[in-house]
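J.: Got a file for you: query.csv, CSV, C-alpha atoms.
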chain,number,residue,atom,x,y,z
T,1191,GLU,CA,14.1,-10.5,-6.2
T,1192,ALA,CA,14.4,-7.2,-4.2
T,1193,THR,CA,17.8,-8.3,-2.8
T,1194,ILE,CA,19.0,-9.1,-6.3
T,1195,ALA,CA,17.7,-5.8,-7.7
T,1196,THR,CA,19.4,-3.8,-5.0
T,1197,GLY,CA,22.7,-5.6,-5.6
T,1198,GLU,CA,22.5,-4.7,-9.2
T,1199,HIS,CA,21.4,-1.1,-8.7
T,1200,VAL,CA,23.9,1.7,-9.1
T,1201,GLY,CA,23.5,4.3,-6.4
T,1202,PRO,CA,22.1,4.5,-2.9
T,1203,VAL,CA,19.5,2.0,-1.9
T,1204,TYR,CA,17.6,0.9,1.2
T,1205,LEU,CA,16.0,-2.5,1.6
T,1206,ARG,CA,13.7,-3.1,4.6
T,1207,PHE,CA,13.0,-6.6,6.0
T,1208,GLY,CA,10.5,-7.6,8.7
T,1209,ARG,CA,9.8,-10.5,11.0
T,1210,PRO,CA,6.5,-11.9,9.7
T,1211,ALA,CA,6.4,-14.8,7.3
T,1212,TRP,CA,3.6,-14.1,4.8
T,1213,PRO,CA,2.6,-16.3,1.9
T,1214,ILE,CA,4.4,-15.8,-1.4
T,1215,PHE,CA,2.0,-14.1,-3.7
T,1216,MET,CA,4.2,-12.2,-6.2
T,1217,PRO,CA,4.8,-13.6,-9.7
T,1218,THR,CA,8.5,-14.4,-10.3
T,1219,GLY,CA,10.3,-11.8,-12.3
T,1220,SER,CA,7.9,-9.0,-11.4
T,1221,PHE,CA,10.2,-6.9,-9.1
T,1222,LYS,CA,11.7,-3.9,-10.8
T,1223,ILE,CA,13.0,-0.8,-8.8
T,1224,GLY,CA,10.6,2.1,-9.4
T,1225,LYS,CA,7.8,0.1,-11.1
T,1226,ALA,CA,4.7,-0.7,-9.1
T,1227,ILE,CA,3.0,-4.0,-9.6
T,1228,LEU,CA,-0.7,-4.1,-10.5
T,1229,MET,CA,-2.0,-7.1,-8.6
T,1230,ASN,CA,-5.7,-6.7,-9.2
T,1231,GLU,CA,-7.7,-4.5,-11.6
T,1232,GLY,CA,-10.7,-2.7,-10.3
T,1233,LYS,CA,-12.9,0.3,-10.8
T,1234,ASP,CA,-14.3,1.4,-7.4
T,1235,VAL,CA,-11.2,2.1,-5.3
T,1236,THR,CA,-7.5,1.8,-5.5
T,1237,ILE,CA,-5.5,0.3,-2.7
T,1238,PHE,CA,-1.8,1.2,-2.8
T,1239,ALA,CA,0.2,-1.0,-0.4
T,1240,THR,CA,3.8,-1.5,0.5
T,1241,GLY,CA,5.8,-4.0,2.6
T,1242,HIS,CA,3.9,-6.3,5.0
T,1243,LEU,CA,0.7,-4.5,4.4
T,1244,VAL,CA,0.6,-5.8,0.8
T,1245,TRP,CA,-0.6,-9.1,2.2
T,1246,LYS,CA,-3.2,-7.4,4.4
T,1247,ALA,CA,-4.4,-5.5,1.4
T,1248,VAL,CA,-4.6,-8.7,-0.6
T,1249,GLU,CA,-6.8,-10.2,2.2
T,1250,ALA,CA,-8.9,-7.0,2.4
T,1251,ALA,CA,-9.4,-6.9,-1.4
T,1252,LYS,CA,-10.7,-10.4,-1.4
T,1253,GLN,CA,-13.3,-9.6,1.3
T,1254,LEU,CA,-14.3,-6.4,-0.4
T,1255,GLU,CA,-14.7,-8.1,-3.8
T,1256,ALA,CA,-17.0,-10.7,-2.1
T,1257,GLU,CA,-19.1,-7.7,-0.9
T,1258,GLY,CA,-19.4,-6.4,-4.5
T,1259,LEU,CA,-16.7,-3.7,-4.6
T,1260,SER,CA,-14.2,-3.7,-7.5
T,1261,VAL,CA,-10.8,-3.2,-6.0
T,1262,GLU,CA,-7.7,-2.1,-7.9
T,1263,LEU,CA,-4.7,-3.3,-5.8
T,1264,ILE,CA,-1.2,-2.0,-6.5
T,1265,ASN,CA,2.0,-3.2,-4.8
T,1266,VAL,CA,4.2,-0.1,-4.5
T,1267,HIS,CA,7.3,-1.8,-3.3
T,1268,THR,CA,9.5,1.1,-4.3
T,1269,ILE,CA,8.7,4.4,-2.6
T,1270,LYS,CA,11.5,6.3,-4.2
T,1271,PRO,CA,11.4,6.5,-7.1
T,1272,LEU,CA,7.6,6.4,-6.9
T,1273,ASP,CA,5.9,5.0,-10.0
T,1274,GLU,CA,3.9,8.2,-10.5
T,1275,GLU,CA,2.4,6.9,-13.8
T,1276,ALA,CA,0.9,3.9,-12.1
T,1277,VAL,CA,-0.6,6.0,-9.3
T,1278,LEU,CA,-2.1,8.7,-11.5
T,1279,LYS,CA,-3.4,6.2,-14.0
T,1280,SER,CA,-5.2,4.2,-11.3
T,1281,VAL,CA,-6.8,7.1,-9.5
T,1282,ALA,CA,-8.0,8.5,-12.8
T,1283,LYS,CA,-10.1,5.3,-13.1
T,1284,THR,CA,-11.2,4.7,-9.5
T,1285,LYS,CA,-11.5,8.3,-8.3
T,1286,CYS,CA,-10.4,7.4,-4.7
T,1287,ALA,CA,-7.6,5.6,-2.9
T,1288,VAL,CA,-6.3,4.0,0.3
T,1289,VAL,CA,-2.6,3.8,1.1
T,1290,CYS,CA,-1.5,1.0,3.4
T,1291,GLU,CA,2.0,1.0,5.0
T,1292,GLU,CA,3.6,-0.3,8.1
T,1293,HIS,CA,5.2,3.1,8.7
T,1294,ASN,CA,4.5,6.4,10.4
T,1295,ILE,CA,1.7,8.3,8.6
T,1296,ILE,CA,4.2,11.2,8.2
T,1297,GLY,CA,6.9,10.9,5.6
T,1298,GLY,CA,6.2,7.5,4.0
T,1299,LEU,CA,4.3,6.2,1.0
T,1300,GLY,CA,1.1,7.9,2.0
T,1301,SER,CA,2.7,11.3,2.2
T,1302,THR,CA,4.4,10.7,-1.1
T,1303,ILE,CA,1.2,9.7,-2.9
T,1304,ALA,CA,-0.7,12.6,-1.2
T,1305,LEU,CA,1.8,15.1,-2.6
T,1306,LEU,CA,1.6,13.6,-6.1
T,1307,LEU,CA,-2.2,13.6,-6.1
T,1308,GLY,CA,-2.3,17.1,-4.6
T,1309,GLN,CA,-0.1,18.4,-7.4
T,1310,HIS,CA,-1.7,16.5,-10.3
T,1311,SER,CA,-5.1,15.0,-9.4
T,1312,PRO,CA,-6.7,15.9,-6.1
T,1313,THR,CA,-8.4,12.7,-5.0
T,1314,PRO,CA,-10.1,11.4,-1.8
T,1315,LEU,CA,-7.4,9.5,0.1
T,1316,GLU,CA,-7.3,7.5,3.3
T,1317,HIS,CA,-4.3,6.1,5.1
T,1318,VAL,CA,-3.7,2.9,7.0
T,1319,ALA,CA,-0.5,3.7,8.8
T,1320,VAL,CA,0.9,4.3,12.3
T,1321,HIS,CA,-0.5,7.6,13.6
T,1322,ASP,CA,2.6,9.3,14.8
T,1323,THR,CA,3.2,7.3,18.0
T,1324,PHE,CA,6.0,5.4,19.6
T,1325,GLY,CA,6.2,1.7,18.8
T,1326,GLU,CA,5.9,-1.1,21.4
T,1327,SER,CA,6.9,-4.7,21.6
T,1328,GLY,CA,4.7,-7.6,20.6
T,1329,THR,CA,4.2,-10.2,18.0
T,1330,PRO,CA,3.8,-8.9,14.4
T,1331,ASP,CA,0.1,-9.7,14.4
T,1332,GLN,CA,-0.4,-8.0,17.8
T,1333,LEU,CA,1.3,-4.9,16.6
T,1334,LEU,CA,-0.5,-4.7,13.3
T,1335,ALA,CA,-3.8,-4.9,15.2
T,1336,LYS,CA,-2.8,-2.4,17.9
T,1337,TYR,CA,-1.7,0.2,15.4
T,1338,GLY,CA,-4.7,-0.2,13.1
T,1339,LEU,CA,-2.7,-1.9,10.3
T,1340,ASP,CA,-4.7,-5.1,9.9
T,1341,THR,CA,-7.1,-6.4,7.3
T,1342,PRO,CA,-10.2,-4.9,9.0
T,1343,ASP,CA,-8.5,-1.5,9.1
T,1344,VAL,CA,-7.9,-1.6,5.4
T,1345,ILE,CA,-11.6,-2.6,4.8
T,1346,LYS,CA,-12.7,0.3,7.0
T,1347,ALA,CA,-10.5,2.8,5.2
T,1348,VAL,CA,-11.8,1.6,1.8
T,1349,LYS,CA,-15.5,2.0,2.9
T,1350,LYS,CA,-14.7,5.4,4.3
T,1351,VAL,CA,-12.9,6.8,1.2
T,1352,ILE,CA,-15.6,5.5,-1.2
T,1353,THR,CA,-18.1,7.7,0.6
T,1354,ARG,CA,-15.9,10.8,-0.2
T,1355,LYS,CA,-15.7,10.0,-3.9
T,1356,LYS,CA,-17.5,12.4,-6.3
With the file now loaded, output its structure as structure tokens.

T.:
Amino acid sequence: EATIATGEHVGPVYLRFGRPAWPIFMPTGSFKIGKAILMNEGKDVTIFATGHLVWKAVEAAKQLEAEGLSVELINVHTIKPLDEEAVLKSVAKTKCAVVCEEHNIIGGLGSTIALLLGQHSPTPLEHVAVHDTFGESGTPDQLLAKYGLDTPDVIKAVKKVITRKK
């Protein structure tokens, strides 16, 4: 659906593909450039995820829900334009958030959401992202674990950000 949307889009567009094969978990017809997808409604914390880390966030949300936390999970598949309304609406409800991305912590989805929240709604925020280091070779699962981008890392970030919530 992303490929079709980029083909129909007028203007510059960038579509990123990766190596891992994750389960299909998106409802057909849900992809729209600039519109985030609410995957799970919750009230305790928002997880904003993009790319491969959406699947890791899905796994983390299931585990956190089993522990009694109510997780709002939003797939932010389009970083620019960012669905600002979806971000602000969600954090107004949950009062804290975690951003998950298979990208450098500088200049990606986390930075974009941090800027938006700083301007409109300062909110406790944690990041699951690559911490400004050079990449290495390995299997996708090895690299996700090495750089702190796996399901346990999402869970750890959620538990940390909830303690910062007022």

J.: Please, what distance in Å, to one decimal, runs between CA of Ile1227 (chain T) and CA of Val1320 (chain T)?

T.: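 These atoms are spaced 23.5 Å apart.
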
J.: Go through T:Leu1305, T:Cys1290, T:Lys1336, T:Gly1197 and flag the residue nearest Phe1324 (chain T), using only C-alpha atoms for the distances.

T.: T:Lys1336

J.: Separation of CA of Leu1259 (chain T) and CA of Lys1279 (chain T), in Å?

T.: 19.1 Å

J.: Could you tell me how far CA of Leu1278 (chain T) sits from CA of Ser1311 (chain T), in Å to one decimal place?

T.: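 We find that CA of Ser1311 (chain T) and CA of Leu1278 (chain T) lie 7.3 Å from each other.
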
J.: Quick one: residues within 12 Å of His1199 (chain T), only C-alpha atoms, excluding same-chain residues fewer than 5 positions away - as a ChimeraX atom specification?

T.: /T:1192-1194,1204-1205,1222-1224

J.: Rank nothing, just name the residue among T:Ala1239, T:Ile1345, T:Val1351, T:Ile1296 nearest to Gln1253 (chain T), using only C-alpha atoms.

T.: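 Going through T:Ala1239, T:Ile1345, T:Val1351, T:Ile1296 one by one, the smallest distance to Gln1253 (chain T) is for T:Ile1345.
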
J.: Identify which of the residues T:Leu1254, T:Leu1243, T:Ala1195, T:Ile1264 lies closest to Asn1230 (chain T), counting only C-alpha atoms when measuring atom-to-atom distances.

T.: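 Ranking T:Leu1254, T:Leu1243, T:Ala1195, T:Ile1264 by distance to Asn1230 (chain T), first place goes to T:Ile1264.
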
J.: Show which residues sit within 8 Å of Met1229 (chain T), as a PDB file with C-alpha atoms, in the frame of the given file. Count all atoms listed in the file, and ignore same-chain residues fewer than 6 positions away.

T.:
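This is the output file selection_37.pdb:
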ATOM      1  CA  GLU T1262      -7.700  -2.100  -7.900  1.00  0.00           C
ATOM      2  CA  LEU T1263      -4.700  -3.300  -5.800  1.00  0.00           C
ATOM      3  CA  ILE T1264      -1.200  -2.000  -6.500  1.00  0.00           C
ATOM      4  CA  ASN T1265       2.000  -3.200  -4.800  1.00  0.00           C
TER       5      ASN T1265
END

J.: Nearest to Thr1302 (chain T) among T:Lys1355, T:Lys1283, T:Lys1270, T:Arg1206, with distances taken over all atoms listed in the file: which residue is it?

T.: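 Of T:Lys1355, T:Lys1283, T:Lys1270, T:Arg1206, the one nearest Thr1302 (chain T) is T:Lys1270, counting all atoms listed in the file.
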
J.: For Leu1299 (chain T), which residue out of T:Ala1287, T:Val1344, T:Ala1247, T:Val1266 is the nearest one, using all atoms listed in the file?

T.: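 The answer is T:Val1266, which sits nearest to Leu1299 (chain T).
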
J.: Counting only C-alpha atoms, figure out which residue out of T:Thr1341, T:Arg1354, T:Ala1276, T:Lys1349 gets nearest to Gly1258 (chain T).

T.: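 The answer is T:Lys1349, which sits nearest to Gly1258 (chain T).
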
J.: Given the point (7.2, 0.7, 11.0) in the file's coordinates, find the residues that have an atom at most 12 Å from it, counting all atoms listed in the file, and give them as an MDAnalysis selection string.

T.: chainID T and resid 1206:1209 1240:1243 1290:1299 1318:1327 1330 1333:1334 1337 1339
